[in-house]
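Source file: data35.cif. Holds: mmCIF, C-alpha atoms and all ligand atoms.
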```
data_work
#
loop_
_atom_site.label_atom_id
_atom_site.label_comp_id
_atom_site.auth_asym_id
_atom_site.auth_seq_id
_atom_site.Cartn_x
_atom_site.Cartn_y
_atom_site.Cartn_z
CA MET W 2 180.06 189.85 209.36
CA VAL W 3 177.28 187.41 210.29
CA GLU W 4 174.70 189.61 208.57
CA ILE W 5 176.84 189.79 205.43
CA PHE W 6 177.09 186.00 205.35
CA ASP W 7 173.31 185.86 205.86
CA ALA W 8 172.74 188.19 202.90
CA ILE W 9 174.99 185.93 200.80
CA LYS W 10 172.97 182.86 201.85
CA LYS W 11 169.68 184.60 200.93
CA SER W 12 171.11 185.68 197.57
CA ALA W 13 172.37 182.15 196.91
CA ILE W 14 168.94 180.62 197.48
CA ARG W 15 167.38 183.14 195.06
CA ILE W 16 170.14 182.69 192.43
CA LYS W 17 169.82 178.91 192.61
CA TRP W 18 166.10 179.34 191.86
CA LEU W 19 166.88 181.65 188.91
CA ILE W 20 169.39 179.15 187.46
CA GLU W 21 166.84 176.35 187.66
CA ASN W 22 163.88 178.31 186.34
CA GLU W 23 164.91 181.25 184.19
CA ASP W 24 166.19 181.75 180.63
CA THR W 25 169.94 180.99 180.48
CA GLY W 26 170.43 182.91 177.22
CA TYR W 27 172.47 186.01 176.44
CA SER W 28 171.28 189.63 176.77
CA GLN W 29 172.24 192.46 174.38
CA ASN W 30 174.53 194.09 176.98
CA ILE W 31 178.30 194.11 177.41
CA ASN W 32 179.88 194.48 180.87
CA ALA W 33 182.88 196.53 182.03
CA THR W 34 185.42 193.87 180.95
CA GLY W 35 183.86 193.46 177.51
CA ASP W 36 181.94 190.21 178.08
CA THR W 37 178.43 189.88 176.68
CA GLN W 38 176.21 189.45 179.74
CA LEU W 39 173.76 186.60 180.12
CA LYS W 40 170.30 187.57 181.34
CA LEU W 41 171.17 185.61 184.49
CA ASP W 42 174.39 187.61 185.09
CA ILE W 43 172.24 190.74 185.25
CA LYS W 44 169.48 189.19 187.38
CA SER W 45 171.91 187.61 189.86
CA ASP W 46 173.68 190.93 190.22
CA LEU W 47 170.39 192.65 191.08
CA VAL W 48 169.47 189.96 193.62
CA ILE W 49 172.77 190.45 195.46
CA GLU W 50 172.44 194.23 195.37
CA GLU W 51 168.93 193.96 196.79
CA GLU W 52 170.08 191.71 199.66
CA PHE W 53 173.09 193.91 200.52
CA ARG W 54 170.85 197.02 200.56
CA LYS W 55 169.25 195.56 203.70
CA ILE W 56 172.58 195.28 205.58
CA SER W 57 173.65 198.36 207.56
CA SER W 58 177.27 197.22 207.93
CA VAL W 59 177.74 197.47 204.14
CA LYS W 60 179.13 200.83 203.02
CA GLU W 61 179.49 200.16 199.32
CA ILE W 62 179.41 197.38 196.73
CA ILE W 63 180.94 196.83 193.33
CA SER W 64 180.11 194.03 190.95
CA GLU W 65 181.85 192.47 187.97
CA GLU W 66 178.67 193.30 186.05
CA LYS W 67 178.61 197.04 186.81
CA GLU W 68 181.09 199.73 185.82
CA GLU W 69 180.54 201.87 188.92
CA LYS W 70 180.55 201.35 192.68
CA THR W 71 177.13 201.50 194.41
CA PRO W 72 176.99 203.32 197.76
CA ILE W 73 174.84 201.53 200.37
CA TYR W 74 175.12 202.92 203.96
CA GLU W 75 177.47 205.83 204.62
CA ASN W 76 178.31 204.57 208.10
CA GLY W 77 178.75 200.95 207.03
CA LYS W 78 182.11 199.29 207.77
CA TYR W 79 182.52 196.97 204.82
CA LEU W 80 183.01 197.15 201.07
CA VAL W 81 181.96 194.12 199.04
CA GLY W 82 183.34 193.23 195.59
CA TYR W 83 181.56 190.34 193.89
CA ASP W 84 181.14 188.21 190.81
CA PRO W 85 177.41 187.38 190.86
CA LEU W 86 177.59 184.42 188.48
CA ASP W 87 181.01 183.03 187.70
CA GLY W 88 181.26 180.60 184.79
CA SER W 89 177.86 181.70 183.45
CA SER W 90 178.82 180.74 179.89
CA LEU W 91 178.78 177.12 181.15
CA LEU W 92 175.11 177.25 182.11
CA ASP W 93 173.99 175.94 178.71
CA VAL W 94 176.05 172.77 179.24
CA ASN W 95 174.76 172.37 182.81
CA PHE W 96 178.17 172.63 184.50
CA SER W 97 178.54 174.01 188.00
CA VAL W 98 178.68 177.78 188.34
CA GLY W 99 179.25 180.02 191.35
CA SER W 100 179.06 183.40 193.07
CA ILE W 101 182.24 184.95 194.55
CA PHE W 102 182.44 187.65 197.25
CA GLY W 103 185.35 189.63 198.66
CA ILE W 104 184.69 191.60 201.84
CA TYR W 105 187.04 194.55 202.33
CA LYS W 106 187.55 197.27 204.93
CA GLY W 107 188.75 200.67 203.64
CA GLU W 108 189.96 199.73 200.16
CA TYR W 109 189.45 197.09 197.52
CA ASP W 110 192.82 195.35 197.69
CA GLY W 111 194.37 192.26 199.16
CA ALA W 112 195.75 194.00 202.23
CA HIS W 113 192.27 195.26 203.16
CA MET W 114 190.41 192.00 202.66
CA VAL W 115 188.79 190.68 205.83
CA ALA W 116 186.73 187.75 204.58
CA ALA W 117 185.87 185.89 201.38
CA VAL W 118 183.01 183.62 200.40
CA TYR W 119 181.98 181.61 197.39
CA VAL W 120 178.85 179.65 196.61
CA ILE W 121 178.87 176.72 194.20
CA TYR W 122 175.63 175.76 192.44
CA GLY W 123 176.23 172.12 191.56
CA PRO W 124 174.25 168.93 192.11
CA VAL W 125 173.92 170.47 195.57
CA THR W 126 174.52 174.08 196.61
CA GLN W 127 177.48 174.63 198.90
CA MET W 128 179.03 177.72 200.43
CA VAL W 129 182.65 178.16 201.51
CA THR W 130 183.55 180.98 203.88
CA ALA W 131 186.99 182.18 204.91
CA TYR W 132 187.11 184.42 207.93
CA GLU W 133 189.05 183.01 210.85
CA ASP W 134 189.27 179.62 209.14
CA VAL W 135 187.77 178.04 206.05
CA GLY W 136 184.41 176.30 206.46
CA MET W 137 182.11 174.53 204.04
CA TYR W 138 178.30 174.55 204.32
CA LYS W 139 175.56 172.77 202.39
CA LEU W 140 172.11 174.10 201.54
CA ASN W 141 169.44 171.78 202.94
CA SER W 142 165.87 171.34 201.70
CA ASP W 143 164.65 173.44 204.66
CA GLY W 144 166.60 176.45 203.29
CA ASP W 145 169.40 176.37 205.90
CA PHE W 146 173.11 176.16 205.23
CA ALA W 147 174.43 173.40 207.51
CA PHE W 148 178.09 173.32 208.48
CA ILE W 149 179.82 170.32 206.89
CA LYS W 150 183.53 170.65 207.69
CA SER W 151 186.61 172.84 207.84
CA LEU W 152 188.81 172.81 204.74
CA GLU W 153 192.58 172.57 204.72
CA LEU W 154 194.99 172.01 201.84
CA ASN W 155 197.72 169.38 202.01
CA GLN W 156 201.35 170.34 201.42
CA SER W 157 200.97 169.16 197.80
CA GLY W 158 198.28 167.69 195.58
CA ALA W 159 197.70 165.87 192.32
CA ILE W 160 195.44 168.11 190.23
CA ASN W 161 196.39 170.59 187.54
CA ALA W 162 193.82 173.09 186.22
CA THR W 163 195.15 175.56 183.72
CA GLY W 164 193.26 178.23 181.78
CA GLY W 165 193.78 180.43 178.76
CA THR W 166 194.33 179.46 175.13
CA HIS W 167 197.33 177.09 175.03
CA SER W 168 198.68 178.46 171.75
CA ASN W 169 198.85 181.88 173.45
CA TRP W 170 200.81 180.70 176.50
CA SER W 171 204.44 181.77 176.89
CA LYS W 172 207.22 179.21 176.49
CA LYS W 173 207.93 179.63 180.19
CA HIS W 174 204.36 178.76 181.16
CA HIS W 175 204.40 175.69 178.88
CA GLU W 176 207.60 174.53 180.61
CA MET W 177 206.13 175.09 184.05
CA ILE W 178 203.03 173.07 183.20
CA GLU W 179 205.24 170.27 181.84
CA LYS W 180 207.09 170.23 185.17
CA ILE W 181 203.78 169.86 187.03
CA TYR W 182 202.70 166.97 184.79
CA SER W 183 206.08 165.26 185.20
CA LYS W 184 205.30 165.12 188.93
CA GLY W 185 202.24 163.01 188.17
CA HIS W 186 199.51 165.68 188.29
CA ARG W 187 196.39 165.06 186.24
CA LEU W 188 194.35 167.57 184.24
CA ARG W 189 191.06 168.65 185.80
CA TYR W 190 189.58 171.75 184.14
CA SER W 191 185.92 172.66 183.68
CA GLY W 192 186.44 176.29 182.65
CA GLY W 193 184.67 177.67 185.72
CA MET W 194 187.06 178.91 188.38
CA VAL W 195 184.60 178.16 191.20
CA PRO W 196 184.27 174.40 190.50
CA ASP W 197 187.93 174.15 189.43
CA LEU W 198 189.25 175.76 192.61
CA HIS W 199 186.64 174.00 194.75
CA GLN W 200 187.83 170.64 193.43
CA ILE W 201 191.47 171.40 194.29
CA LEU W 202 190.44 172.59 197.77
CA LEU W 203 188.29 169.53 198.48
CA LYS W 204 190.78 167.02 197.05
CA GLY W 205 193.57 168.39 199.23
CA GLY W 206 195.67 170.30 196.72
CA GLY W 207 197.08 170.93 193.27
CA LEU W 208 197.50 173.96 191.03
CA PHE W 209 195.08 176.29 189.24
CA SER W 210 196.54 178.82 186.86
CA TYR W 211 195.27 181.55 184.61
CA PRO W 212 198.53 182.95 183.20
CA SER W 213 199.51 185.94 181.14
CA THR W 214 198.89 185.06 177.47
CA SER W 215 199.80 186.82 174.22
CA ASP W 216 196.16 187.87 173.75
CA ARG W 217 195.68 188.80 177.44
CA PRO W 218 199.03 189.90 178.93
CA GLU W 219 197.33 190.76 182.24
CA GLY W 220 195.38 187.50 182.36
CA LYS W 221 191.60 187.27 182.37
CA LEU W 222 190.56 186.98 185.98
CA ARG W 223 189.58 190.09 187.88
CA MET W 224 191.39 190.95 191.13
CA VAL W 225 188.60 192.46 193.22
CA PHE W 226 185.80 190.04 192.27
CA GLU W 227 187.59 186.75 191.63
CA VAL W 228 191.31 186.64 192.39
CA PHE W 229 191.60 188.31 195.83
CA PRO W 230 188.72 186.26 197.32
CA PHE W 231 190.24 182.95 196.21
CA ALA W 232 193.76 184.06 197.24
CA PHE W 233 192.39 184.80 200.71
CA ILE W 234 190.59 181.45 200.88
CA TYR W 235 193.64 179.48 199.66
CA GLU W 236 195.98 181.19 202.13
CA LYS W 237 193.57 180.61 205.02
CA ALA W 238 193.35 176.95 203.98
CA GLY W 239 197.15 176.61 204.19
CA GLY W 240 198.02 177.08 200.52
CA GLY W 241 199.07 180.13 198.55
CA ALA W 242 198.34 182.44 195.62
CA THR W 243 200.82 184.30 193.41
CA ASN W 244 200.90 186.23 190.14
CA GLY W 245 204.08 184.29 189.30
CA LYS W 246 206.39 186.60 191.22
CA LYS W 247 204.43 188.34 193.97
CA ARG W 248 201.89 187.28 196.54
CA ILE W 249 198.42 188.05 195.15
CA LEU W 250 197.23 189.69 198.37
CA ASP W 251 200.06 192.25 198.13
CA LEU W 252 198.80 193.54 194.76
CA LYS W 253 196.95 196.84 194.43
CA PRO W 254 194.58 197.28 191.49
CA SER W 255 194.50 200.76 189.96
CA HIS W 256 190.93 200.17 188.80
CA PRO W 257 188.32 197.83 190.36
CA HIS W 258 187.98 195.87 187.10
CA ASP W 259 191.75 195.22 186.70
CA THR W 260 192.86 191.65 185.98
CA THR W 261 196.03 189.77 186.88
CA PRO W 262 197.74 186.52 185.93
CA CYS W 263 197.19 184.15 188.85
CA TYR W 264 198.22 180.82 190.34
CA PHE W 265 196.44 179.23 193.31
CA GLY W 266 197.52 176.03 194.96
CA SER W 267 198.93 174.06 197.79
CA LYS W 268 202.36 175.08 199.14
CA ASP W 269 204.59 172.83 197.02
CA GLU W 270 202.90 173.79 193.75
CA ILE W 271 203.12 177.52 194.54
CA ASP W 272 206.82 177.11 195.42
CA LEU W 273 207.36 175.38 192.08
CA VAL W 274 205.70 178.31 190.23
CA LEU W 275 207.80 180.90 192.11
CA LYS W 276 211.05 178.97 191.54
CA HIS W 277 210.28 178.54 187.87
CA ASN W 278 209.81 182.31 187.48
CA GLU W 279 212.96 183.34 189.40
P1 LIG W 301 182.86 184.80 184.19
O1 LIG W 301 181.87 183.75 183.82
O2 LIG W 301 182.53 185.47 185.50
O3 LIG W 301 183.12 185.78 183.08
O4 LIG W 301 184.27 184.08 184.51
C1 LIG W 301 184.73 182.97 183.77
C2 LIG W 301 186.19 182.77 184.10
C3 LIG W 301 186.51 181.72 185.15
O5 LIG W 301 185.45 181.16 185.81
C4 LIG W 301 187.30 180.70 184.41
O6 LIG W 301 188.35 180.20 185.19
C5 LIG W 301 187.81 181.39 183.20
O7 LIG W 301 186.88 182.39 182.92
C6 LIG W 301 187.93 180.44 182.05
O8 LIG W 301 188.52 181.05 180.96
P2 LIG W 301 189.10 180.22 179.69
O9 LIG W 301 187.90 179.63 179.01
O10 LIG W 301 189.78 181.29 178.89
O11 LIG W 301 190.08 179.17 180.17
MN MN W 302 183.96 185.18 186.93
MN MN W 303 180.64 186.50 186.22
#
```
Since I need it in another form, could you write the structure as structure tokens?
Amino acid sequence: MVEIFDAIKKSAIRIKWLIENEDTGYSQNINATGDTQLKLDIKSDLVIEEEFRKISSVKEIISEEKEEKTPIYENGKYLVGYDPLDGSSLLDVNFSVGSIFGIYKGEYDGAHMVAAVYVIYGPVTQMVTAYEDVGMYKLNSDGDFAFIKSLELNQSGAINATGGTHSNWSKKHHEMIEKIYSKGHRLRYSGGMVPDLHQILLKGGGLFSYPSTSDRPEGKLRMVFEVFPFAFIYEKAGGGATNGKKRILDLKPSHPHDTTPCYFGSKDEIDLVLKHNE
């Protein structure tokens, strides 16, 4: 696992450089979920593939930006599913973006996840790893990631981050969000799941949701690359993650690019979501 985390750190340093120095415009290509790729989505994906190709414990990888799985070492133990550049459409407005990694053993589902990592490229670059516990690291000017602190969610929080087009939400989702606001929660939403979920994690708690909408009944966020890693991190930090009815980590995608409605938060907020959907 240490060498996988090292490969992620090396990728992060290279991606940070690309963000700061390369063209942040769109390419002509469309990825497996139908998004037009930025040139940086493609480049970041290649950087990560290149770094994982050096790691003998990696059996196979699959990226949000590629249709197919890429075999690495036949005798490797781990499968890695990743989103090389999450929130890339926010690069033009200079918001924080991230990279998300799910490390699996055997299959790409919640039950087989063994670790999860994300990197946030903000005013500083930080990395959060969830393995035995959840730890945050900061990239220093000497190129090392220094441990900062362990992260733990409080029983409840005060932030509400909710995605999707409001006019396409269900009545039930509108009502649930009203309930959250009536408890005193305040809106905090950048449109990048990495900074939005990072904020909730660092500020002790709250709720992030990307629900089922009339235009996207299965939500937008992808299980293997985005949703399982954050579900794993939130559970390890003492919170939870649900699709509204079931625990996220009990879900099984039928295709690696499948999406799901999702709610991540501290315990009280997740209980409220589950109760509301009973
Ligand atoms: P990506 O840039 O990898 O395609 O992912 C963007 C995602 C996620 O970061 C964010 O939470 C969500 O899209 C925002 O979607 P809406 O603008 O529909 O709320
Ligand atoms: Mn993403
Ligand atoms: Mn992406």
Within-8 Å residues of ligand MN 302 (chain W), basis all atoms listed in the file, as a ChimeraX atom specification: /W:65,84-89,101,193-194,222-223,226-227
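Checking W:Asn278, W:Asn30, W:Ser90, W:Thr71 one by one against ligand MN 303 (chain W), counting only C-alpha atoms and all ligand atoms, you find the shortest gap at W:Ser90.
The gap separating CA of Phe231 in chain W from CA of Gly123 in chain W is 18.3 Å, in Å to one decimal.
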Range 6-14 of chain W environment, 7 Å, all atoms listed in the file, sequence neighbours closer than 4 positions dropped, as number ranges by chain: W: 2, 18, 48-49, 52-53, 120
Just want the 12 Å neighbourhood of Glu68 in chain W, counted on all atoms listed in the file, with same-chain residues fewer than 3 positions away dropped. Output as a PDB file with C-alpha atoms, in the coordinates of the input.
```pdb
ATOM      1  CA  ILE W  31     178.300 194.110 177.410  1.00  0.00           C
ATOM      2  CA  ASN W  32     179.880 194.480 180.870  1.00  0.00           C
ATOM      3  CA  ALA W  33     182.880 196.530 182.030  1.00  0.00           C
ATOM      4  CA  THR W  34     185.420 193.870 180.950  1.00  0.00           C
ATOM      5  CA  GLY W  35     183.860 193.460 177.510  1.00  0.00           C
ATOM      6  CA  ILE W  62     179.410 197.380 196.730  1.00  0.00           C
ATOM      7  CA  ILE W  63     180.940 196.830 193.330  1.00  0.00           C
ATOM      8  CA  SER W  64     180.110 194.030 190.950  1.00  0.00           C
ATOM      9  CA  GLU W  65     181.850 192.470 187.970  1.00  0.00           C
ATOM     10  CA  THR W  71     177.130 201.500 194.410  1.00  0.00           C
ATOM     11  CA  GLY W  82     183.340 193.230 195.590  1.00  0.00           C
ATOM     12  CA  HIS W 256     190.930 200.170 188.800  1.00  0.00           C
ATOM     13  CA  PRO W 257     188.320 197.830 190.360  1.00  0.00           C
ATOM     14  CA  HIS W 258     187.980 195.870 187.100  1.00  0.00           C
ATOM     15  CA  ASP W 259     191.750 195.220 186.700  1.00  0.00           C
TER      16      ASP W 259
END
```
Residue nearest ligand LIG 301 (chain W) - candidates W:Lys204, W:Lys44, W:His175, W:Lys221, atoms counted: all atoms listed in the file: W:Lys221
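In terms of minimum interatomic distance to His113 in chain W, W:Tyr79 ranks closest within W:Tyr27, W:Trp170, W:Phe146, W:Tyr79, counting all atoms listed in the file.
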Nearest to ligand MN 303 (chain W), chosen from W:Glu4, W:Asp36, W:Asp197, W:Asp24, with all atoms listed in the file counted in the distances: W:Asp36
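Counting all atoms listed in the file and comparing W:Pro230, W:Gly99, W:Gly240, W:Gly136, the residue that lies closest to ligand MN 303 (chain W) is W:Gly99.
Straight-line separation from atom C2 of ligand LIG 301 (chain W) to CA of Gly192 in chain W: 6.6 Å.
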Sphere at (190.0, 176.9, 192.3), radius 12 Å, counting only C-alpha atoms: residues as a count of residues only: 52
Residue among W:Lys150, W:Lys40, W:Lys78, W:Lys139 lying closest to Gln127 in chain W, counting all atoms listed in the file: W:Lys139
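For the atom pair formed by CA of Val98 in chain W and CA of Tyr122 in chain W, the distance is 5.5 Å, given to one decimal.
Residues with any atom within 12 Å of Ser255 in chain W, counting only C-alpha atoms and excluding same-chain neighbours fewer than 3 positions away, are W:Glu108, W:Tyr109, W:Asp110, W:Arg223, W:Met224, W:Val225, W:Leu252, W:His258, W:Asp259, W:Thr260, W:Thr261.
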